[in-house]
$ cat work.tsv   # TSV, C-alpha atoms
chain	number	residue	atom	x	y	z
T	14	MET	CA	-6.46	-15.40	-9.37
T	15	LYS	CA	-6.48	-14.44	-5.69
T	16	SER	CA	-9.43	-15.28	-3.54
T	17	THR	CA	-11.33	-12.46	-1.85
T	18	THR	CA	-10.30	-13.64	1.62
T	19	LYS	CA	-6.61	-13.78	0.70
T	20	SER	CA	-6.87	-10.39	-1.00
T	21	THR	CA	-8.54	-8.84	2.04
T	22	THR	CA	-5.92	-10.36	4.35
T	23	THR	CA	-3.10	-9.08	2.14
T	24	ASP	CA	-4.73	-5.62	1.98
T	25	THR	CA	-4.92	-5.49	5.78
T	26	GLN	CA	-1.34	-6.69	6.10
T	27	LEU	CA	-0.20	-4.08	3.56
T	28	ILE	CA	-1.87	-1.29	5.52
T	29	ASN	CA	-0.32	-2.61	8.74
T	30	PHE	CA	3.09	-2.65	7.01
T	31	LEU	CA	2.62	0.92	5.78
T	32	ARG	CA	1.68	2.12	9.26
T	33	GLY	CA	4.11	0.00	11.27
T	34	GLU	CA	7.26	-0.37	9.20
T	35	LEU	CA	7.14	2.82	7.13
T	36	ALA	CA	5.31	5.02	9.69
T	37	ILE	CA	2.88	6.33	7.08
T	38	PRO	CA	0.03	8.15	8.85
T	39	SER	CA	-3.44	6.66	8.66
T	40	SER	CA	-4.68	9.93	7.16
T	41	SER	CA	-2.26	9.56	4.23
T	42	ILE	CA	-3.37	5.98	3.66
T	43	ALA	CA	-7.01	7.08	3.78
T	44	ILE	CA	-6.38	9.76	1.14
T	45	ALA	CA	-4.71	7.25	-1.15
T	46	LEU	CA	-7.50	4.69	-0.65
T	47	ARG	CA	-10.13	7.28	-1.55
T	48	GLN	CA	-8.20	8.20	-4.69
T	49	SER	CA	-7.83	4.56	-5.68
T	50	ASN	CA	-11.56	3.86	-5.18
T	51	GLN	CA	-10.62	1.33	-2.47
T	52	ASP	CA	-8.51	-0.67	-4.95
T	53	SER	CA	-5.41	-1.39	-2.88
T	54	SER	CA	-3.46	-2.57	-5.93
T	55	GLN	CA	-3.10	1.11	-6.86
T	56	LEU	CA	-2.28	2.23	-3.32
T	57	PRO	CA	1.55	2.26	-3.57
T	58	MET	CA	1.61	4.34	-6.75
T	59	ILE	CA	-0.98	6.80	-5.46
T	60	LEU	CA	0.96	7.26	-2.23
T	61	TRP	CA	4.04	8.04	-4.30
T	62	GLN	CA	2.24	10.29	-6.82
T	63	TYR	CA	0.87	12.39	-3.98
T	64	GLY	CA	4.29	12.65	-2.38
T	65	LEU	CA	3.20	10.65	0.66
T	66	VAL	CA	6.05	8.13	0.33
T	67	SER	CA	9.59	8.48	-0.99
T	68	LEU	CA	10.99	6.45	-3.86
T	69	GLU	CA	12.91	4.34	-1.33
T	70	GLN	CA	9.69	3.65	0.60
T	71	LEU	CA	7.92	2.78	-2.67
T	72	GLU	CA	10.63	0.21	-3.42
T	73	ARG	CA	10.19	-1.28	0.06
T	74	ILE	CA	6.43	-1.50	-0.52
T	75	PHE	CA	6.95	-3.34	-3.82
T	76	ASP	CA	9.47	-5.68	-2.17
T	77	TRP	CA	6.96	-6.40	0.59
T	78	LEU	CA	4.18	-7.04	-1.95
T	79	ALA	CA	6.42	-9.42	-3.91
T	80	ALA	CA	7.26	-11.36	-0.74
T	81	ALA	CA	3.61	-11.43	0.35
T	82	SER	CA	2.46	-12.87	-2.97
T	83	CYS	CA	4.68	-15.96	-2.65
$ encode --input "work.tsv" --output "structure tokens"
Amino acid sequence: MKSTTKSTTTDTQLINFLRGELAIPSSSIAIALRQSNQDSSQLPMILWQYGLVSLEQLERIFDWLAAASC
């Protein structure tokens, strides 16, 4: 089980990755966060379901999450 501090750090790093590496606008991230009720574990799928990221970007997000969890 992840600690709250580690989870918050990972969430912040994920959002930074989305903005920096994938150039996803903050407004798109905000929409997805509202839809996920602030649960960032759902963020990648919601971004994809709303057409805010491509399938290739979704794969990169999952790769990043896998590397971040190590």
$ atom_distance --input "work.tsv" --atom1 "atom CA of Ser49 of chain T" --atom2 "atom CA of Gly33 of chain T"
21.2 Å
$ closest_residue --input "work.tsv" --among "T:Leu31, T:Ala43, T:Cys83, T:Leu78" --to "Val66 of chain T" --atoms "only C-alpha atoms"
T:Leu31
$ closest_atom_pairs --input "work.tsv" --of "segment 45-73 of chain T" --to "segment 20-24 of chain T" --cutoff "12 Å" --atoms "only C-alpha atoms" --output "tab-separated table"
residue	atom	partner	partner_atom	distance
T:Leu46	CA	T:Asp24	CA	11.0
T:Gln51	CA	T:Asp24	CA	10.1
T:Asp52	CA	T:Asp24	CA	9.3
T:Ser53	CA	T:Asp24	CA	6.5
T:Ser54	CA	T:Asp24	CA	8.6
T:Gln55	CA	T:Asp24	CA	11.2
T:Leu56	CA	T:Asp24	CA	9.8
T:Pro57	CA	T:Asp24	CA	11.5
$ residues_around --input "work.tsv" --residues "segment 60-65 of chain T" --least-positions-apart "4" --cutoff "7 Å" --atoms "all atoms listed in the file" --output "number ranges by chain"
T: 41, 45, 56, 71
$ closest_residue --input "work.tsv" --among "T:Ile74, T:Ala80, T:Ile59, T:Leu68" --to "Leu27 of chain T" --atoms "all atoms listed in the file"
T:Ile74
$ atom_distance --input "work.tsv" --atom1 "atom CA of Ser40 of chain T" --atom2 "atom CA of Ile28 of chain T"
11.7 Å
$ atom_distance --input "work.tsv" --atom1 "atom CA of Ile37 of chain T" --atom2 "atom CA of Ser67 of chain T"
10.7 Å
